[in-house]
Structures are given as structure tokens and as C-alpha cells.
$ cat my_file.cif   # mmCIF, C-alpha atoms
data_final
#
loop_
_atom_site.label_atom_id
_atom_site.label_comp_id
_atom_site.auth_asym_id
_atom_site.auth_seq_id
_atom_site.Cartn_x
_atom_site.Cartn_y
_atom_site.Cartn_z
CA ALA A 1 59.92 8.20 21.99
CA GLU A 2 59.86 4.61 20.72
CA LEU A 3 59.71 3.15 24.23
CA LEU A 4 56.90 5.46 25.37
CA ASN A 5 55.08 5.12 22.02
CA VAL A 6 55.02 8.84 21.24
CA ASN A 7 56.17 10.82 18.22
CA VAL A 8 59.73 12.07 18.58
CA ASP A 9 58.53 15.61 17.78
CA ASN A 10 56.34 15.49 20.89
CA ILE A 11 59.01 14.71 23.49
CA VAL A 12 61.80 16.59 25.26
CA ALA A 13 64.56 15.26 27.51
CA GLY A 14 65.41 16.97 30.78
CA ASP A 15 67.47 16.55 33.90
CA ASN A 16 67.33 13.67 36.36
CA ALA A 17 63.83 13.96 37.86
CA SER A 18 60.47 13.77 36.11
CA LEU A 19 58.95 14.88 39.42
CA SER A 20 60.66 18.25 38.90
CA VAL A 21 59.00 18.59 35.49
CA MET A 22 55.61 17.75 37.01
CA HIS A 23 56.17 20.36 39.72
CA ASP A 24 57.25 22.92 37.12
CA LEU A 25 54.10 22.35 35.09
CA VAL A 26 51.76 22.69 38.06
CA THR A 27 53.60 25.85 39.12
CA GLN A 28 53.51 27.27 35.59
CA ALA A 29 49.76 26.62 35.40
CA LEU A 30 49.27 28.52 38.64
CA LEU A 31 51.44 31.43 37.52
CA TYR A 32 50.68 31.68 33.80
CA GLY A 33 47.81 29.31 33.00
CA VAL A 34 47.96 26.72 30.22
CA PRO A 35 47.36 26.85 26.45
CA GLY A 36 43.67 27.25 25.72
CA GLY A 37 42.90 28.31 29.27
CA GLU A 38 41.57 31.55 30.68
CA GLY A 39 44.63 32.77 32.53
CA PRO A 40 46.56 31.74 35.65
CA TRP A 41 45.05 29.17 37.96
CA ALA A 42 46.27 31.07 41.03
CA GLY A 43 43.66 33.10 42.87
CA GLN A 44 40.82 30.70 42.05
CA PRO A 45 39.76 27.35 43.48
CA VAL A 46 41.71 24.51 41.86
CA LYS A 47 41.01 20.80 42.36
CA PHE A 48 42.86 17.70 41.16
CA ILE A 49 41.35 14.24 40.80
CA CYS A 50 43.53 11.76 42.69
CA PRO A 51 43.05 8.02 42.12
CA VAL A 52 43.70 6.25 45.42
CA PRO A 53 45.71 4.48 46.52
CA GLY A 54 48.28 6.58 44.71
CA TYR A 55 51.73 8.17 44.80
CA ASP A 56 52.45 10.36 47.81
CA ARG A 57 54.85 12.65 45.87
CA HIS A 58 52.08 13.59 43.44
CA PHE A 59 49.79 14.44 46.31
CA ALA A 60 52.56 16.39 48.11
CA ILE A 61 52.80 18.78 45.13
CA CYS A 62 49.10 19.57 45.45
CA GLN A 63 49.33 19.90 49.22
CA GLN A 64 52.28 22.29 49.04
CA LEU A 65 50.70 24.49 46.36
CA GLY A 66 47.24 24.65 47.94
CA ILE A 67 45.39 22.49 45.41
CA GLU A 68 42.40 20.58 46.74
CA MET A 69 42.66 16.84 46.15
CA VAL A 70 39.53 14.84 45.36
CA PRO A 71 40.00 11.09 45.82
CA VAL A 72 38.57 8.56 43.35
CA GLU A 73 38.76 4.83 43.94
CA LEU A 74 41.32 2.98 41.81
CA GLY A 75 39.92 -0.26 40.47
CA GLU A 76 41.40 -3.22 38.63
CA HIS A 77 41.73 -1.40 35.28
CA GLY A 78 41.91 2.23 36.38
CA PRO A 79 39.86 4.79 38.32
CA ASP A 80 36.09 4.80 38.75
CA LEU A 81 35.09 6.45 35.47
CA ASP A 82 31.60 7.39 36.63
CA ALA A 83 33.11 9.28 39.55
CA VAL A 84 35.65 10.96 37.25
CA ALA A 85 32.93 11.98 34.78
CA GLU A 86 30.86 13.49 37.58
CA LEU A 87 33.84 15.45 38.93
CA LEU A 88 34.67 16.81 35.48
CA THR A 89 31.35 18.68 35.44
CA ASP A 90 32.95 21.00 38.03
CA PRO A 91 34.92 23.80 36.28
CA THR A 92 37.32 24.06 39.23
CA VAL A 93 38.63 20.54 38.49
CA LYS A 94 41.74 21.46 36.49
CA GLY A 95 43.94 18.38 36.77
CA MET A 96 44.23 14.67 37.42
CA TRP A 97 47.08 12.39 38.44
CA VAL A 98 47.49 9.12 36.54
CA VAL A 99 50.04 6.30 36.83
CA PRO A 100 48.86 4.16 33.90
CA THR A 101 51.20 1.18 34.23
CA TYR A 102 51.89 -0.70 37.48
CA ALA A 103 50.27 2.06 39.54
CA ASN A 104 51.50 2.48 43.10
CA PRO A 105 51.09 0.43 45.18
CA SER A 106 48.88 -2.31 43.74
CA GLY A 107 50.32 -2.60 40.22
CA VAL A 108 47.11 -1.67 38.38
CA VAL A 109 47.47 -1.24 34.60
CA TYR A 110 44.97 1.05 32.87
CA ASP A 111 43.27 -0.81 30.03
CA GLU A 112 42.42 0.66 26.62
CA ALA A 113 38.77 1.37 27.43
CA THR A 114 39.70 3.31 30.57
CA THR A 115 42.47 5.16 28.76
CA ARG A 116 40.17 6.20 25.92
CA ALA A 117 37.50 7.34 28.36
CA LEU A 118 39.93 9.55 30.28
CA LEU A 119 41.11 11.14 27.05
CA GLN A 120 37.63 11.92 25.70
CA LEU A 121 35.41 12.63 28.72
CA PRO A 122 33.97 16.15 28.49
CA ALA A 123 35.35 18.57 31.07
CA ALA A 124 33.76 21.79 32.25
CA ALA A 125 37.22 23.35 32.52
CA PRO A 126 38.64 23.97 29.02
CA ASP A 127 42.13 23.86 30.51
CA PHE A 128 41.77 20.48 32.22
CA ARG A 129 45.02 18.47 32.10
CA ILE A 130 46.05 14.92 33.02
CA TRP A 131 49.50 14.51 34.59
CA TRP A 132 50.19 11.10 32.96
CA ASP A 133 53.13 9.69 34.92
CA ASN A 134 54.39 6.65 33.00
CA ALA A 135 57.18 6.06 35.51
CA TYR A 136 57.01 2.26 35.22
CA ALA A 137 56.25 1.81 31.52
CA LEU A 138 59.26 -0.50 31.05
CA HIS A 139 59.40 -2.16 34.46
CA HIS A 140 57.98 -5.57 33.64
CA LEU A 141 58.37 -8.47 36.08
CA THR A 142 56.94 -11.02 33.62
CA ASP A 143 57.48 -11.91 29.97
CA HIS A 144 54.41 -9.85 29.06
CA GLU A 145 55.74 -6.43 28.01
CA GLN A 146 52.73 -4.26 27.26
CA THR A 147 53.36 -1.40 24.84
CA PRO A 148 52.13 1.93 26.21
CA PHE A 149 49.14 3.44 24.44
CA ASP A 150 49.94 6.39 22.16
CA VAL A 151 47.98 8.75 24.38
CA ILE A 152 49.26 11.94 22.72
CA SER A 153 47.86 10.95 19.31
CA LEU A 154 44.76 9.36 20.86
CA ALA A 155 43.91 12.54 22.76
CA ALA A 156 44.17 14.55 19.56
CA GLU A 157 41.96 12.08 17.68
CA LEU A 158 39.38 12.23 20.46
CA GLY A 159 39.17 16.01 20.39
CA HIS A 160 41.41 17.01 23.31
CA PRO A 161 44.93 17.43 21.84
CA ASP A 162 46.34 19.33 24.83
CA ARG A 163 44.88 17.16 27.60
CA VAL A 164 47.84 14.85 28.31
CA LEU A 165 51.11 15.79 29.99
CA LEU A 166 53.19 12.59 29.90
CA PHE A 167 56.25 11.92 32.07
CA ALA A 168 58.92 9.26 32.43
CA SER A 169 62.53 8.91 33.48
CA THR A 170 65.42 6.48 33.75
CA SER A 171 65.64 6.87 37.54
CA LYS A 172 64.62 3.23 38.06
CA ILE A 173 66.47 2.08 34.94
CA THR A 174 70.01 3.43 35.30
CA PHE A 175 70.78 5.47 38.43
CA ALA A 176 68.49 6.87 41.09
CA GLY A 177 69.01 10.64 41.14
CA ALA A 178 71.30 10.56 38.09
CA GLY A 179 69.08 9.57 35.19
CA VAL A 180 67.28 11.45 32.43
CA SER A 181 63.69 12.68 32.61
CA PHE A 182 61.26 12.99 29.71
CA PHE A 183 58.18 15.10 29.04
CA ALA A 184 55.84 14.41 26.11
CA SER A 185 52.78 16.37 25.05
CA SER A 186 51.24 18.46 22.28
CA GLN A 187 53.32 21.11 20.54
CA ALA A 188 51.37 23.83 22.35
CA ASN A 189 52.06 22.31 25.77
CA LEU A 190 55.72 21.65 24.96
CA GLN A 191 56.29 25.23 23.82
CA ALA A 192 54.56 26.66 26.89
CA TYR A 193 56.72 24.46 29.14
CA LEU A 194 59.96 25.40 27.38
CA ASP A 195 59.07 29.09 27.45
CA GLY A 196 58.33 28.82 31.16
CA ILE A 197 61.60 27.16 32.12
CA SER A 198 63.77 29.29 29.81
CA VAL A 199 64.32 31.79 32.62
CA ARG A 200 64.92 29.06 35.21
CA THR A 201 67.67 27.13 33.42
CA ILE A 202 70.04 27.39 30.46
CA GLY A 203 69.43 23.71 29.77
CA PRO A 204 69.58 20.19 31.18
CA ASN A 205 72.72 18.12 31.78
CA LYS A 206 73.62 17.28 28.18
CA VAL A 207 76.70 15.27 29.20
CA ASN A 208 74.49 12.92 31.22
CA GLN A 209 72.02 12.71 28.33
CA LEU A 210 74.87 11.79 25.96
CA ALA A 211 76.19 9.19 28.41
CA HIS A 212 72.79 7.52 28.52
CA ALA A 213 72.41 7.62 24.73
CA GLN A 214 75.82 6.03 24.24
CA PHE A 215 75.26 3.44 26.97
CA PHE A 216 71.89 2.26 25.62
CA GLY A 217 72.54 2.69 21.92
CA ASP A 218 68.88 2.32 21.02
CA ALA A 219 65.47 1.35 22.40
CA GLU A 220 66.37 -2.33 22.37
CA GLY A 221 69.34 -1.54 24.59
CA VAL A 222 66.93 -0.21 27.21
CA ARG A 223 64.73 -3.29 26.90
CA ARG A 224 67.75 -5.55 27.25
CA LEU A 225 68.83 -3.82 30.48
CA MET A 226 65.29 -3.98 31.89
CA ARG A 227 65.12 -7.73 31.20
CA ALA A 228 68.38 -8.12 33.09
CA HIS A 229 66.85 -6.16 35.99
CA ARG A 230 63.82 -8.48 35.82
CA ASP A 231 66.04 -11.58 35.98
CA LEU A 232 67.50 -10.26 39.24
CA LEU A 233 64.33 -8.84 40.78
CA ALA A 234 61.54 -11.26 39.84
CA PRO A 235 62.83 -14.19 41.97
CA LYS A 236 63.26 -11.85 44.95
CA PHE A 237 59.73 -10.50 44.57
CA ALA A 238 58.45 -14.07 44.34
CA ILE A 239 60.15 -15.03 47.62
CA VAL A 240 58.81 -11.95 49.42
CA ASN A 241 55.31 -12.59 48.09
CA GLU A 242 55.45 -16.24 49.11
CA VAL A 243 56.45 -15.40 52.69
CA LEU A 244 53.91 -12.57 53.02
CA GLU A 245 51.13 -14.85 51.73
CA ALA A 246 52.15 -17.64 54.09
CA GLU A 247 52.56 -15.47 57.18
CA LEU A 248 50.05 -12.66 56.61
CA GLY A 249 47.71 -13.88 53.86
CA PRO A 250 44.81 -14.80 56.13
#

$ encode --input "my_file.cif" --output "C-alpha cells"
Amino acid sequence: AELLNVNVDNIVAGDNASLSVMHDLVTQALLYGVPGGEGPWAGQPVKFICPVPGYDRHFAICQQLGIEMVPVELGEHGPDLDAVAELLTDPTVKGMWVVPTYANPSGVVYDEATTRALLQLPAAAPDFRIWWDNAYALHHLTDHEQTPFDVISLAAELGHPDRVLLFASTSKITFAGAGVSFFASSQANLQAYLDGISVRTIGPNKVNQLAHAQFFGDAEGVRRLMRAHRDLLAPKFAIVNEVLEAELGP
């Protein structure tokens, strides 16, 4: 909660993959709908706004489940807000994918103005949701370590308390495929999610969660490990970038 800048009451820990939680939430919306909505999304046209370039796994979920993807250009500080605002006048636009920090593949970081706009833009669909994938919130390659915006509280302040579904995991912090995932949102969204998965699982891998808690100790333990990762990775990235610029830059 401290690392993602959300209230501890608004976050739950899961199994290894945040992608699974994202998939669960899209599937639950199709089967049951979402809090404040008008029933299941299945059986009606459903569109998701997809900033591009973006993450292929996000788009694969939509493709598999028959959700129409509407591309929006990703700029230096986030997606084209005019295009997003126009699309949100369509009541069939129910969702949006966002990678707010170091977005794939260009490393774009959403600034505060863009973040606020996405949280407060009016939407024709009362059950519009943003899948806010903060997968790289802690993956800094420089000394500048930007604190994530408290988007859960901000969304509530701006009149859309249930709009954000926030995700993260330790997959690129500890072990790929053997980390801990996290989902943060409003109490209404959290309860709907937990109710939905209660028949799918008894619970996540608590032994792995405990191992991570004991290994890190606290939030600063995570930061310390990520700085050690940076010390190893940053020089390698610099060499790759130097060669690519020299050989392919023109």
C-alpha cells in the first residue's frame, strides 16, 4: 500500500500474476456486471480504449473475450485526451487499459494533468472502468523515483470513486512466475471481486506471501532491492542504447 500510494484498506494481495486478476475482473464484468452498472456486459457491445503502442497481453484479453479495442495514440505524457473524451460519449465504451509508469514499450509516464483528466472525464457508461496496471511503479533506472499518484483517493474526490482498478505485482521484483500480485480499488469494487472469486479459489498462496513479507521486511526493503536491480541493469541498458543509437539511430 505504501509503495503504490494507496490506503491499506483498499488493497488485497493475491497469487503470482496480476494479469490473472485483470482477466478475472474483465470476465466478472461480462458475467455479473460491476458495482453501479446495469447488469452483465455480456450480450451487448463492449469496447475498450487502448492506448497504443501498448501491452499485448492486455489486448489479448479483449481479443479472447470478444471486446472491441479502440486505439488511441499514446503521447509523451499519456494518451490523447481529446480522443479519449470523444470515445467516452459512447455508452458501449466500458473500459480502458492504462500503464501509467514506464508504459510499454516507450517508457511514457502519465503526468498529473493527464491522470486527473482520466479520473474525472464524464463517461456515458455509468460502469466505465480503467484497468490501471502499475506494473512498473518501482522499476526506476535513474535516481528519480517518482511516487505514484493516489488514484483511488483522487478518483473519489473527482466524483468517480469506482472508476479505477489498480494492479501491480512483484513478478519483476523477486521471481518471475513466483511473486505476489496486488489489486487496489474502492471498497465496492474490492468486495465484488472477492465475492466473484470466492467460488474459484479458497485463497492465494499465503506461504509465498509470508515469504515475501519476511524477505522485504518493509517498503524500504523493496526500494533497496530495486536500487540493487538498477545498479545491475542501468549500465547494461546504457550499453544497448549506445550501440542501437550508433548503428541504427539514423

$ closest_atom_pairs --input "my_file.cif" --of "stretch 159-200 of chain A" --to "stretch 225-245 of chain A" --cutoff "12 Å" --atoms "all atoms listed in the file" --output "Markdown table"
| residue | atom | partner | partner_atom | distance |
| --- | --- | --- | --- | --- |
| A:Thr170 | CA | A:Met226 | CA | 10.6 |
| A:Lys172 | CA | A:Met226 | CA | 9.5 |
| A:Ile173 | CA | A:Met226 | CA | 6.9 |
| A:Thr174 | CA | A:Leu225 | CA | 8.8 |

$ write_last_selection --input "my_file.cif" --atoms "C-alpha atoms" --output "PDB file, in the coordinates of the input"
ATOM      1  CA  THR A 170      65.420   6.480  33.750  1.00  0.00           C
ATOM      2  CA  LYS A 172      64.620   3.230  38.060  1.00  0.00           C
ATOM      3  CA  ILE A 173      66.470   2.080  34.940  1.00  0.00           C
ATOM      4  CA  THR A 174      70.010   3.430  35.300  1.00  0.00           C
TER       5      THR A 174
END

$ closest_residue --input "my_file.cif" --among "A:Ile67, A:Ile49, A:Val108, A:Val180" --to "A:Leu210" --atoms "only C-alpha atoms"
A:Val180

$ atom_distance --input "my_file.cif" --atom1 "atom CA of A:Val99" --atom2 "atom CA of A:Gly249"
26.5 Å

$ resolve_selection --input "my_file.cif" --expression "the PyMOL selection byres ((chain A and resi 51-62) around 10)" --output "PyMOL selection string"
chain A and resi 19+22-23+26-27+46-50+63-75+78-80+84+96-99+103-106+131+133

$ resolve_selection --input "my_file.cif" --expression "the PyMOL selection byres ((chain A and resi 13) around 12)" --output "CSV table (one decimal) with C-alpha atoms, keeping the file's coordinate frame"
chain,number,residue,atom,x,y,z
A,1,ALA,CA,59.9,8.2,22.0
A,8,VAL,CA,59.7,12.1,18.6
A,9,ASP,CA,58.5,15.6,17.8
A,10,ASN,CA,56.3,15.5,20.9
A,11,ILE,CA,59.0,14.7,23.5
A,12,VAL,CA,61.8,16.6,25.3
A,14,GLY,CA,65.4,17.0,30.8
A,15,ASP,CA,67.5,16.6,33.9
A,16,ASN,CA,67.3,13.7,36.4
A,17,ALA,CA,63.8,14.0,37.9
A,18,SER,CA,60.5,13.8,36.1
A,21,VAL,CA,59.0,18.6,35.5
A,166,LEU,CA,53.2,12.6,29.9
A,167,PHE,CA,56.2,11.9,32.1
A,168,ALA,CA,58.9,9.3,32.4
A,169,SER,CA,62.5,8.9,33.5
A,170,THR,CA,65.4,6.5,33.8
A,179,GLY,CA,69.1,9.6,35.2
A,180,VAL,CA,67.3,11.4,32.4
A,181,SER,CA,63.7,12.7,32.6
A,182,PHE,CA,61.3,13.0,29.7
A,183,PHE,CA,58.2,15.1,29.0
A,184,ALA,CA,55.8,14.4,26.1
A,190,LEU,CA,55.7,21.6,25.0
A,194,LEU,CA,60.0,25.4,27.4
A,203,GLY,CA,69.4,23.7,29.8
A,204,PRO,CA,69.6,20.2,31.2
A,205,ASN,CA,72.7,18.1,31.8
A,206,LYS,CA,73.6,17.3,28.2
A,208,ASN,CA,74.5,12.9,31.2
A,209,GLN,CA,72.0,12.7,28.3
A,210,LEU,CA,74.9,11.8,26.0
A,212,HIS,CA,72.8,7.5,28.5
A,213,ALA,CA,72.4,7.6,24.7

$ residues_around --input "my_file.cif" --residues "A:Thr89" --least-positions-apart "6" --cutoff "10 Å" --atoms "only C-alpha atoms" --output "PyMOL selection string"
chain A and resi 121-125

$ closest_residue --input "my_file.cif" --among "A:Val207, A:Pro35, A:Leu87, A:Gly177" --to "A:Pro161" --atoms "all atoms listed in the file"
A:Pro35

$ atom_distance --input "my_file.cif" --atom1 "atom CA of A:Ala42" --atom2 "atom CA of A:Ala188"
20.7 Å

$ closest_residue --input "my_file.cif" --among "A:Gly217, A:Pro148, A:Gly43, A:Gly33" --to "A:Gly196" --atoms "all atoms listed in the file"
A:Gly33

$ closest_residue --input "my_file.cif" --among "A:Ser198, A:Thr142, A:Thr147, A:Thr92" --to "A:Asp111" --atoms "all atoms listed in the file"
A:Thr147

$ axis_aligned_box --input "my_file.cif" --around "stretch 105-114 of chain A" --padding-each-side "5 Å" --output "AutoDock Vina command-line options"
--center_x 44.9 --center_y 0.4 --center_z 35.9 --size_x 22.3 --size_y 15.9 --size_z 28.6

$ atom_distance --input "my_file.cif" --atom1 "atom CA of A:Val222" --atom2 "atom CA of A:Leu25"
27.1 Å

$ closest_residue --input "my_file.cif" --among "A:Val93, A:Ala29, A:Ala85, A:Ala155" --to "A:Thr115" --atoms "all atoms listed in the file"
A:Ala155

$ closest_residue --input "my_file.cif" --among "A:Ala135, A:Ile130, A:Ala192, A:Leu88" --to "A:Leu4" --atoms "only C-alpha atoms"
A:Ala135

$ resolve_selection --input "my_file.cif" --expression "the PyMOL selection byres ((chain A and resi 126) around 9)" --output "list in words"
Gly36, Gly37, Glu38, Pro91, Lys94, Ala123, Ala124, Ala125, Asp127, Phe128 and Arg129 of chain A

$ write_last_selection --input "my_file.cif" --atoms "C-alpha atoms" --output "compact mmCIF listing (two decimals), in the frame of the given file"
# COMPACT_ATOMS: atom_id res chain seq x y z
CA GLY A 36 43.67 27.25 25.72
CA GLY A 37 42.90 28.31 29.27
CA GLU A 38 41.57 31.55 30.68
CA PRO A 91 34.92 23.80 36.28
CA LYS A 94 41.74 21.46 36.49
CA ALA A 123 35.35 18.57 31.07
CA ALA A 124 33.76 21.79 32.25
CA ALA A 125 37.22 23.35 32.52
CA ASP A 127 42.13 23.86 30.51
CA PHE A 128 41.77 20.48 32.22
CA ARG A 129 45.02 18.47 32.10
